[in-house]
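The data block below is start-v7.tsv; it holds TSV, C-alpha atoms and all ligand atoms.
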```tsv
chain	number	residue	atom	x	y	z
C	245	GLY	CA	-62.37	11.35	-32.96
C	246	LEU	CA	-64.38	11.47	-36.10
C	247	TYR	CA	-63.26	10.30	-39.53
C	248	ARG	CA	-65.67	11.64	-42.13
C	249	THR	CA	-65.58	9.00	-44.86
C	250	GLU	CA	-67.46	11.16	-47.35
C	251	ILE	CA	-64.32	13.25	-47.85
C	252	SER	CA	-62.64	10.40	-49.76
C	253	PHE	CA	-65.86	9.80	-51.72
C	254	LEU	CA	-65.83	13.49	-52.66
C	255	LEU	CA	-62.30	13.18	-54.05
C	256	HIS	CA	-63.26	10.42	-56.51
C	257	HIS	CA	-64.98	10.73	-59.88
C	258	ARG	CA	-67.17	7.69	-59.16
C	259	PHE	CA	-68.09	5.57	-56.15
C	260	PRO	CA	-64.86	4.03	-54.82
C	261	SER	CA	-64.80	0.22	-55.05
C	262	GLU	CA	-64.71	-1.98	-51.94
C	263	GLU	CA	-60.99	-2.62	-52.52
C	264	GLU	CA	-60.26	1.09	-52.86
C	265	GLN	CA	-62.15	1.77	-49.64
C	266	VAL	CA	-60.26	-1.00	-47.83
C	267	LEU	CA	-56.95	0.61	-48.83
C	268	GLN	CA	-58.13	4.03	-47.69
C	269	TYR	CA	-59.50	2.86	-44.33
C	270	LYS	CA	-56.48	0.65	-43.65
C	271	SER	CA	-54.18	3.61	-44.08
C	272	VAL	CA	-56.22	5.53	-41.48
C	273	LEU	CA	-56.55	2.66	-38.99
C	274	SER	CA	-52.88	1.72	-39.21
C	275	THR	CA	-51.88	5.34	-38.49
C	276	TYR	CA	-53.40	4.92	-34.99
C	277	PRO	CA	-52.76	1.25	-34.22
C	278	ASP	CA	-53.26	1.62	-30.45
C	279	LYS	CA	-56.11	4.10	-30.58
C	280	ARG	CA	-59.76	3.76	-31.28
C	281	VAL	CA	-60.73	5.30	-34.63
C	282	VAL	CA	-64.34	6.36	-35.11
C	283	MET	CA	-65.30	6.09	-38.77
C	284	ARG	CA	-68.57	7.58	-39.79
C	285	THR	CA	-70.56	5.99	-42.59
C	286	LEU	CA	-71.21	8.07	-45.67
C	287	ASP	CA	-72.88	11.39	-44.83
C	288	ILE	CA	-73.64	12.92	-48.21
C	289	GLY	CA	-76.52	15.20	-49.11
C	290	GLY	CA	-77.10	18.54	-47.41
C	291	ASP	CA	-74.04	20.63	-48.25
C	292	LYS	CA	-72.01	17.60	-49.35
C	293	ALA	CA	-73.15	16.53	-52.83
C	294	LEU	CA	-71.05	14.00	-54.72
C	295	PRO	CA	-70.14	15.38	-58.17
C	296	TYR	CA	-71.07	12.00	-59.70
C	297	LEU	CA	-74.41	11.82	-57.89
C	298	PRO	CA	-76.12	15.19	-58.05
C	299	ILE	CA	-79.20	15.38	-55.81
C	300	GLU	CA	-81.70	18.13	-56.69
C	301	GLU	CA	-83.83	19.13	-53.71
C	302	ASP	CA	-85.54	22.29	-52.48
C	303	ASN	CA	-84.43	21.66	-48.89
C	304	PRO	CA	-81.25	19.57	-49.02
C	305	PHE	CA	-80.51	19.85	-45.28
C	306	LEU	CA	-83.95	18.41	-44.57
C	307	GLY	CA	-83.78	15.90	-47.36
C	308	TRP	CA	-81.91	12.85	-48.56
C	309	ARG	CA	-78.91	13.03	-46.22
C	310	GLY	CA	-76.66	10.62	-44.36
C	311	ILE	CA	-78.32	7.42	-43.23
C	312	ARG	CA	-81.48	8.22	-45.23
C	313	PHE	CA	-79.48	8.02	-48.43
C	314	THR	CA	-77.45	4.93	-47.49
C	315	LEU	CA	-80.50	2.98	-46.25
C	316	ASP	CA	-82.09	3.64	-49.63
C	317	HIS	CA	-78.89	2.26	-51.20
C	318	PRO	CA	-78.06	-0.77	-49.03
C	319	ASP	CA	-75.54	-1.93	-51.65
C	320	ILE	CA	-73.45	1.21	-51.04
C	321	PHE	CA	-73.87	0.94	-47.26
C	322	LEU	CA	-72.99	-2.77	-47.10
C	323	MET	CA	-69.93	-2.27	-49.30
C	324	GLN	CA	-68.69	0.47	-47.00
C	325	ILE	CA	-69.34	-1.55	-43.83
C	326	ARG	CA	-67.55	-4.57	-45.30
C	327	ALA	CA	-64.59	-2.41	-46.30
C	328	MET	CA	-64.40	-0.91	-42.80
C	329	MET	CA	-64.56	-4.28	-41.04
C	330	LYS	CA	-61.95	-5.84	-43.33
C	331	SER	CA	-59.62	-2.88	-42.76
C	332	SER	CA	-59.69	-3.32	-39.01
C	333	VAL	CA	-58.41	-6.92	-38.94
C	334	ASP	CA	-54.80	-5.98	-38.12
C	335	HIS	CA	-55.41	-3.50	-35.31
C	336	GLN	CA	-59.03	-4.09	-34.22
C	337	ASN	CA	-59.35	-0.37	-33.51
C	338	LEU	CA	-62.46	0.49	-35.50
C	339	SER	CA	-65.70	2.00	-34.21
C	340	ILE	CA	-68.51	2.79	-36.64
C	341	LEU	CA	-70.67	5.89	-36.30
C	342	LEU	CA	-74.04	6.39	-38.02
C	343	PRO	CA	-74.88	9.95	-39.19
C	344	MET	CA	-78.20	11.79	-39.41
C	345	VAL	CA	-80.28	9.12	-37.71
C	346	SER	CA	-83.65	10.59	-36.74
C	347	GLY	CA	-85.51	7.56	-35.39
C	348	THR	CA	-85.31	4.03	-34.05
C	349	GLN	CA	-86.43	2.41	-37.30
C	350	GLU	CA	-83.47	3.87	-39.17
C	351	LEU	CA	-81.14	2.72	-36.42
C	352	ASP	CA	-82.60	-0.80	-36.43
C	353	SER	CA	-82.31	-1.05	-40.22
C	354	ALA	CA	-78.68	0.12	-40.14
C	355	LEU	CA	-77.81	-2.29	-37.31
C	356	GLU	CA	-79.43	-5.15	-39.21
C	357	LEU	CA	-77.31	-4.42	-42.28
C	358	ILE	CA	-74.15	-4.12	-40.17
C	359	ASP	CA	-74.93	-7.46	-38.56
C	360	ARG	CA	-75.53	-9.02	-41.96
C	361	ALA	CA	-72.18	-7.71	-43.27
C	362	HIS	CA	-70.41	-9.08	-40.21
C	363	GLN	CA	-72.00	-12.52	-40.51
C	364	GLU	CA	-71.02	-12.72	-44.20
C	365	LEU	CA	-67.44	-11.66	-43.55
C	366	VAL	CA	-66.79	-13.79	-40.52
C	367	LYS	CA	-67.52	-16.90	-42.62
C	368	GLN	CA	-64.58	-15.93	-44.85
C	369	ASP	CA	-62.23	-14.70	-42.13
C	370	SER	CA	-62.83	-15.55	-38.48
C	371	ARG	CA	-60.65	-12.59	-37.38
C	372	ILE	CA	-63.29	-10.09	-38.53
C	373	ALA	CA	-64.69	-8.61	-35.33
C	374	MET	CA	-67.89	-6.73	-34.71
C	375	PRO	CA	-66.82	-3.12	-34.06
C	376	ALA	CA	-68.37	-0.82	-31.48
C	377	ILE	CA	-71.34	0.93	-33.05
C	378	GLY	CA	-72.39	4.47	-32.24
C	379	VAL	CA	-75.07	6.84	-33.38
C	380	MET	CA	-74.79	10.57	-33.90
C	381	ILE	CA	-77.02	12.82	-31.88
C	382	GLU	CA	-77.46	15.62	-34.38
C	383	VAL	CA	-81.16	15.48	-35.22
C	384	PRO	CA	-83.02	16.80	-32.15
C	385	SER	CA	-85.49	13.88	-32.13
C	386	MET	CA	-82.66	11.63	-30.96
C	387	ILE	CA	-82.31	13.51	-27.69
C	388	TYR	CA	-85.65	12.12	-26.54
C	389	LEU	CA	-84.95	8.64	-27.84
C	390	LEU	CA	-81.74	8.16	-25.86
C	391	PRO	CA	-83.32	5.95	-23.16
C	392	LEU	CA	-84.94	3.81	-25.85
C	393	ILE	CA	-81.87	3.28	-27.99
C	394	ALA	CA	-79.19	3.05	-25.28
C	395	GLU	CA	-79.27	-0.75	-25.29
C	396	LYS	CA	-78.84	-0.91	-29.04
C	397	VAL	CA	-75.59	1.05	-29.37
C	398	ASP	CA	-72.17	1.15	-27.71
C	399	PHE	CA	-71.78	4.93	-27.68
C	400	VAL	CA	-73.23	8.19	-28.96
C	401	SER	CA	-71.47	11.16	-30.45
C	402	ILE	CA	-73.01	14.63	-30.57
C	403	GLY	CA	-72.79	16.55	-33.82
C	404	THR	CA	-73.19	20.06	-32.48
C	405	ASN	CA	-72.93	21.58	-35.97
C	406	ASP	CA	-76.13	19.96	-37.15
C	407	LEU	CA	-77.78	19.81	-33.74
C	408	THR	CA	-77.52	23.61	-33.54
C	409	GLN	CA	-78.73	23.99	-37.12
C	410	TYR	CA	-81.80	21.82	-36.53
C	411	LEU	CA	-82.62	23.10	-33.04
C	412	LEU	CA	-82.55	26.71	-34.20
C	413	ALA	CA	-83.89	26.07	-37.73
C	414	VAL	CA	-80.98	27.97	-39.23
C	415	ASP	CA	-78.94	26.90	-42.25
C	416	ARG	CA	-75.39	26.51	-40.93
C	417	ASN	CA	-73.91	27.74	-44.23
C	418	ASN	CA	-76.16	30.72	-44.94
C	419	ALA	CA	-74.25	33.95	-44.27
C	420	ARG	CA	-77.52	35.93	-44.17
C	421	VAL	CA	-78.62	34.16	-41.00
C	422	ALA	CA	-75.16	33.59	-39.54
C	423	ASP	CA	-76.02	35.67	-36.48
C	424	VAL	CA	-78.99	33.37	-35.75
C	425	TYR	CA	-76.64	30.36	-35.70
C	426	GLU	CA	-75.58	30.71	-32.08
C	427	SER	CA	-73.51	27.83	-30.79
C	428	MET	CA	-74.06	29.12	-27.23
C	429	HIS	CA	-77.79	29.64	-27.61
C	430	PRO	CA	-79.42	28.75	-24.26
C	431	SER	CA	-81.44	25.97	-25.90
C	432	VAL	CA	-78.29	24.43	-27.33
C	433	VAL	CA	-76.53	24.60	-23.96
C	434	MET	CA	-79.58	23.14	-22.21
C	435	ALA	CA	-79.90	20.37	-24.79
C	436	LEU	CA	-76.24	19.48	-24.25
C	437	GLU	CA	-76.74	19.47	-20.49
C	438	HIS	CA	-79.77	17.21	-20.89
C	439	ILE	CA	-77.91	14.80	-23.20
C	440	HIS	CA	-75.00	14.57	-20.79
C	441	GLN	CA	-77.22	13.90	-17.78
C	442	THR	CA	-79.24	11.30	-19.67
C	443	CYS	CA	-76.15	9.48	-20.95
C	444	GLU	CA	-74.69	9.44	-17.47
C	445	GLN	CA	-77.86	7.89	-16.05
C	446	LEU	CA	-77.89	5.35	-18.86
C	447	LYS	CA	-74.13	4.71	-18.53
C	448	LEU	CA	-73.91	5.36	-22.25
C	449	PRO	CA	-70.49	6.65	-23.38
C	450	VAL	CA	-70.88	10.05	-25.03
C	451	CYS	CA	-68.51	12.20	-27.04
C	452	ILE	CA	-68.87	15.59	-28.73
C	453	CYS	CA	-67.63	15.68	-32.31
C	454	GLY	CA	-69.01	18.97	-33.65
C	455	GLU	CA	-66.86	22.08	-34.03
C	456	LEU	CA	-67.88	23.33	-30.59
C	457	ALA	CA	-65.67	20.67	-28.97
C	458	GLY	CA	-62.53	22.11	-30.57
C	459	ASP	CA	-63.40	25.75	-29.98
C	460	PRO	CA	-61.48	27.00	-26.89
C	461	ILE	CA	-64.59	28.58	-25.33
C	462	GLY	CA	-66.88	25.74	-26.37
C	463	ALA	CA	-64.49	23.06	-25.09
C	464	LEU	CA	-64.28	24.59	-21.62
C	465	LEU	CA	-68.03	25.02	-21.44
C	466	MET	CA	-68.52	21.39	-22.48
C	467	VAL	CA	-66.14	20.18	-19.78
C	468	GLY	CA	-68.10	22.36	-17.37
C	469	LEU	CA	-71.26	20.52	-18.42
C	470	GLY	CA	-69.48	17.26	-17.58
C	471	TYR	CA	-68.28	16.03	-20.98
C	472	ARG	CA	-64.95	14.22	-20.87
C	473	SER	CA	-64.58	13.12	-24.47
C	474	LEU	CA	-64.12	15.82	-27.10
C	475	SER	CA	-63.23	15.26	-30.72
C	476	MET	CA	-61.50	18.08	-32.61
C	477	ASN	CA	-59.20	19.02	-35.47
C	478	THR	CA	-55.55	18.40	-34.72
C	479	SER	CA	-54.92	22.16	-34.94
C	480	ASN	CA	-57.01	22.70	-31.79
C	481	VAL	CA	-55.70	19.84	-29.64
C	482	ALA	CA	-52.73	21.70	-28.15
C	483	LYS	CA	-54.79	24.83	-27.39
C	484	VAL	CA	-57.58	22.91	-25.68
C	485	LYS	CA	-55.09	20.77	-23.73
C	486	TYR	CA	-53.34	23.89	-22.49
C	487	LEU	CA	-56.61	25.45	-21.36
C	488	LEU	CA	-57.77	22.29	-19.60
C	489	ARG	CA	-54.44	21.94	-17.81
C	490	HIS	CA	-54.78	25.47	-16.50
C	491	THR	CA	-58.35	25.25	-15.27
C	492	ASP	CA	-60.12	23.28	-12.66
C	493	SER	CA	-63.22	21.20	-13.37
C	494	HIS	CA	-65.05	22.79	-10.41
C	495	GLU	CA	-64.63	26.31	-11.77
C	496	LEU	CA	-65.79	25.11	-15.18
C	497	ARG	CA	-68.84	23.48	-13.61
C	498	GLU	CA	-69.59	26.80	-11.91
C	499	LEU	CA	-69.42	28.59	-15.27
C	500	ALA	CA	-71.69	26.01	-16.86
C	501	THR	CA	-74.18	26.39	-13.99
C	502	GLN	CA	-74.27	30.14	-14.61
C	503	ALA	CA	-74.66	29.60	-18.35
C	504	LEU	CA	-77.64	27.30	-17.79
C	505	MET	CA	-79.52	30.17	-16.15
C	506	LYS	CA	-78.99	32.78	-18.86
C	507	PRO	CA	-81.70	33.52	-21.41
C	508	TYR	CA	-79.41	34.88	-24.16
C	509	GLY	CA	-76.59	33.27	-26.11
C	510	ASN	CA	-74.63	36.52	-25.80
C	511	ASP	CA	-74.77	36.22	-22.01
C	512	ASN	CA	-73.19	32.79	-22.21
C	513	TYR	CA	-70.52	34.08	-24.52
C	514	SER	CA	-69.82	36.98	-22.12
C	515	ILE	CA	-69.56	34.64	-19.12
C	516	MET	CA	-66.95	32.65	-20.98
C	517	THR	CA	-65.00	35.63	-22.37
C	518	SER	CA	-64.83	37.25	-18.91
C	519	PHE	CA	-63.49	33.99	-17.51
C	520	PHE	CA	-60.92	33.84	-20.31
C	521	ALA	CA	-59.90	37.44	-19.58
C	522	ASP	CA	-59.55	36.74	-15.81
C	523	LYS	CA	-57.42	33.70	-16.51
C	524	GLY	CA	-55.23	35.47	-19.06
C	525	PHE	CA	-56.58	33.24	-21.85
C	526	SER	CA	-57.91	36.03	-24.09
C	527	CYS	CA	-55.30	35.30	-26.76
C	528	PHE	CA	-57.10	31.98	-27.39
C	529	ILE	CA	-60.31	33.65	-28.50
C	530	ARG	CA	-60.88	34.27	-32.18
C	531	ALA	CA	-62.26	37.63	-33.25
C	532	GLY	CA	-66.05	37.34	-33.54
C	533	LYS	CA	-67.95	34.37	-32.17
G	601	LIG	C1	-71.90	17.79	-36.85
G	601	LIG	O1	-72.97	17.91	-37.45
G	601	LIG	O2	-71.63	18.40	-35.81
G	601	LIG	C2	-70.85	16.86	-37.37
G	601	LIG	C3	-69.81	16.52	-36.65
G	601	LIG	O3	-70.99	16.41	-38.62
G	601	LIG	P1	-70.80	17.27	-39.95
G	601	LIG	O4	-70.22	18.59	-39.56
G	601	LIG	O5	-69.91	16.47	-40.83
G	601	LIG	O6	-72.19	17.36	-40.48
G	602	MG	MG	-73.50	16.51	-39.01
```
Write the structure described by the file as structure tokens, please.
Amino acid sequence: GLYRTEISFLLHHRFPSEEEQVLQYKSVLSTYPDKRVVMRTLDIGGDKALPYLPIEEDNPFLGWRGIRFTLDHPDIFLMQIRAMMKSSVDHQNLSILLPMVSGTQELDSALELIDRAHQELVKQDSRIAMPAIGVMIEVPSMIYLLPLIAEKVDFVSIGTNDLTQYLLAVDRNNARVADVYESMHPSVVMALEHIHQTCEQLKLPVCICGELAGDPIGALLMVGLGYRSLSMNTSNVAKVKYLLRHTDSHELRELATQALMKPYGNDNYSIMTSFFADKGFSCFIRAGK
């Protein structure tokens, strides 16, 4: 799944110390001792401003967000990486995910810092392992870089919330343009198809961690596109499991094929709602889109 570390930063009145972070991350990792836990490095900026670090910008979603902020503050980044690696000693179940990466240079710089943190720590404790490292595909530029970065990372995870926002140039939190934020917009569906195909060719593990993966309609469409790893809120797990157990991957592929030929987001939504109605799944659909 996806553990958004900024949430615990948002609950503090100052930057949490390395020791405080270790305690926090250990409690998460030990809750799932046999499962892989994907922890994302700090993704502040945009809509998530820390009360103790106000950032004034005209365009916060296009500004000092995620990896851009942490690479400008390597002290904060290194402290977080060290805390994550130390926390994973008992269960070795940590994967690290990098948010808001828009280019190879940012990725290289982050990987260099992660490597440095690992080398420092392993001198003190030989049990400290290098975790799997992934990058979020949420800035559209990364779609085209996949073949060039595949060797550098262990997996990628698609942030459909931001990917949709940046593909359609629509603020995901602005009610005035909420109808322009279409999670089934043909370009979004085609981008997701393209990412899946590319990752398959590259043998690069891919997961979807945006809200679309936990939405009953979105989840079935994503499985139709070929995705097999979906991250979602616990409240959606049972619903999505039920739907997947009562559908067949071939019929979902057929729906996805139809969706890839439609020029309007509403068409895609209708294809999916008709399928839900035919299957007796309508009770799973929220009012609105
Ligand atoms: C996303 O952008 O889809 C995502 C998972 O990250 P967040 O919603 O935290 O920006
Ligand atoms: Mg995001």
> Quick one: residues within 10 Å of ligand LIG 601 (chain G), with all atoms listed in the file, as a ChimeraX atom specification?
Replying inline: /C:245-251,284,286-292,305,309-310,343-344,380-383,401-410,416,452-457,475-476
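Of the listed residues C:Ile515, C:Pro507, C:Leu465, C:Gly307, the one whose atoms come nearest to Thr491 in chain C is C:Leu465, with distances taken using all atoms listed in the file.
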>> I'd like the contact shell of Leu254 in chain C - 8 Å cut-off, all atoms listed in the file, skipping same-chain residues fewer than 2 positions apart - returned as a PyMOL selection string.
In response: chain C and resi 250-252+256-257+293-295
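The nearest approach to ligand MG 602 (chain G) among the residues C:Asn477, C:Ser493, C:Thr285, C:Ser514, with all atoms listed in the file taken into account, belongs to C:Thr285.
Distances to ligand MG 602 (chain G) were evaluated for C:Asn418, C:Ser346, C:Gln363, C:Asn480 using all atoms listed in the file, and the minimum falls at C:Ser346.
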Regenerate range 364-375 of chain C at the level of all heavy atoms and dump it as a CSV table (one decimal), keeping the file's coordinate frame.
```
chain,number,residue,atom,x,y,z
C,364,GLU,N,-71.6,-12.3,-42.9
C,364,GLU,CA,-71.0,-12.7,-44.2
C,364,GLU,C,-69.5,-12.8,-44.1
C,364,GLU,O,-68.9,-13.8,-44.5
C,364,GLU,CB,-71.4,-11.7,-45.3
C,364,GLU,CG,-72.7,-11.9,-45.9
C,364,GLU,CD,-73.1,-10.7,-46.8
C,364,GLU,OE1,-72.2,-10.0,-47.4
C,364,GLU,OE2,-74.3,-10.5,-46.9
C,365,LEU,N,-68.9,-11.8,-43.5
C,365,LEU,CA,-67.4,-11.7,-43.6
C,365,LEU,C,-66.8,-12.7,-42.6
C,365,LEU,O,-65.7,-13.2,-43.0
C,365,LEU,CB,-67.0,-10.3,-43.1
C,365,LEU,CG,-67.2,-9.2,-44.2
C,365,LEU,CD1,-66.8,-7.8,-43.6
C,365,LEU,CD2,-66.5,-9.4,-45.4
C,366,VAL,N,-67.4,-12.9,-41.5
C,366,VAL,CA,-66.8,-13.8,-40.5
C,366,VAL,C,-66.7,-15.2,-41.0
C,366,VAL,O,-65.8,-16.0,-40.7
C,366,VAL,CB,-67.5,-13.7,-39.2
C,366,VAL,CG1,-68.7,-14.6,-39.0
C,366,VAL,CG2,-66.6,-13.8,-38.0
C,367,LYS,N,-67.6,-15.6,-42.0
C,367,LYS,CA,-67.5,-16.9,-42.6
C,367,LYS,C,-66.2,-17.0,-43.4
C,367,LYS,O,-65.7,-18.1,-43.6
C,367,LYS,CB,-68.7,-17.1,-43.6
C,367,LYS,CG,-70.0,-17.5,-42.8
C,367,LYS,CD,-71.1,-17.8,-43.8
C,367,LYS,CE,-72.5,-17.6,-43.1
C,367,LYS,NZ,-73.5,-17.0,-44.0
C,368,GLN,N,-65.8,-15.9,-44.0
C,368,GLN,CA,-64.6,-15.9,-44.8
C,368,GLN,C,-63.3,-15.8,-44.0
C,368,GLN,O,-62.3,-16.3,-44.4
C,368,GLN,CB,-64.6,-14.8,-45.9
C,368,GLN,CG,-65.8,-14.9,-46.9
C,368,GLN,CD,-66.1,-13.6,-47.5
C,368,GLN,OE1,-65.3,-12.6,-47.5
C,368,GLN,NE2,-67.3,-13.5,-48.0
C,369,ASP,N,-63.4,-15.0,-42.9
C,369,ASP,CA,-62.2,-14.7,-42.1
C,369,ASP,C,-62.7,-14.5,-40.7
C,369,ASP,O,-63.3,-13.6,-40.3
C,369,ASP,CB,-61.6,-13.4,-42.6
C,369,ASP,CG,-60.3,-13.1,-41.9
C,369,ASP,OD1,-60.1,-13.7,-40.8
C,369,ASP,OD2,-59.5,-12.2,-42.4
C,370,SER,N,-62.3,-15.5,-39.9
C,370,SER,CA,-62.8,-15.6,-38.5
C,370,SER,C,-62.3,-14.4,-37.6
C,370,SER,O,-62.7,-14.2,-36.5
C,370,SER,CB,-62.5,-16.9,-37.8
C,370,SER,OG,-61.1,-17.1,-37.8
C,371,ARG,N,-61.2,-13.7,-38.2
C,371,ARG,CA,-60.6,-12.6,-37.4
C,371,ARG,C,-61.5,-11.3,-37.5
C,371,ARG,O,-61.3,-10.4,-36.7
C,371,ARG,CB,-59.2,-12.3,-37.9
C,371,ARG,CG,-58.2,-13.4,-37.7
C,371,ARG,CD,-56.9,-13.1,-38.4
C,371,ARG,NE,-57.2,-12.8,-39.8
C,371,ARG,CZ,-56.4,-12.0,-40.6
C,371,ARG,NH1,-55.3,-11.5,-40.1
C,371,ARG,NH2,-56.7,-11.8,-41.9
C,372,ILE,N,-62.5,-11.3,-38.4
C,372,ILE,CA,-63.3,-10.1,-38.5
C,372,ILE,C,-64.2,-9.9,-37.3
C,372,ILE,O,-65.0,-10.8,-37.0
C,372,ILE,CB,-64.2,-10.2,-39.8
C,372,ILE,CG1,-63.3,-10.4,-41.0
C,372,ILE,CG2,-65.1,-8.9,-39.9
C,372,ILE,CD1,-62.9,-9.3,-41.8
C,373,ALA,N,-63.9,-8.8,-36.6
C,373,ALA,CA,-64.7,-8.6,-35.3
C,373,ALA,C,-65.8,-7.6,-35.5
C,373,ALA,O,-65.8,-6.8,-36.5
C,373,ALA,CB,-63.7,-8.1,-34.3
C,374,MET,N,-66.8,-7.7,-34.7
C,374,MET,CA,-67.9,-6.7,-34.7
C,374,MET,C,-67.4,-5.5,-34.0
C,374,MET,O,-67.0,-5.5,-32.8
C,374,MET,CB,-69.1,-7.3,-34.0
C,374,MET,CG,-70.3,-6.5,-34.1
C,374,MET,SD,-70.9,-6.4,-35.7
C,374,MET,CE,-72.4,-5.5,-35.5
C,375,PRO,N,-67.3,-4.3,-34.7
C,375,PRO,CA,-66.8,-3.1,-34.1
C,375,PRO,C,-67.9,-2.5,-33.1
C,375,PRO,O,-69.0,-2.9,-33.2
C,375,PRO,CB,-66.6,-2.2,-35.2
C,375,PRO,CG,-67.4,-2.7,-36.3
C,375,PRO,CD,-67.7,-4.1,-36.1
```
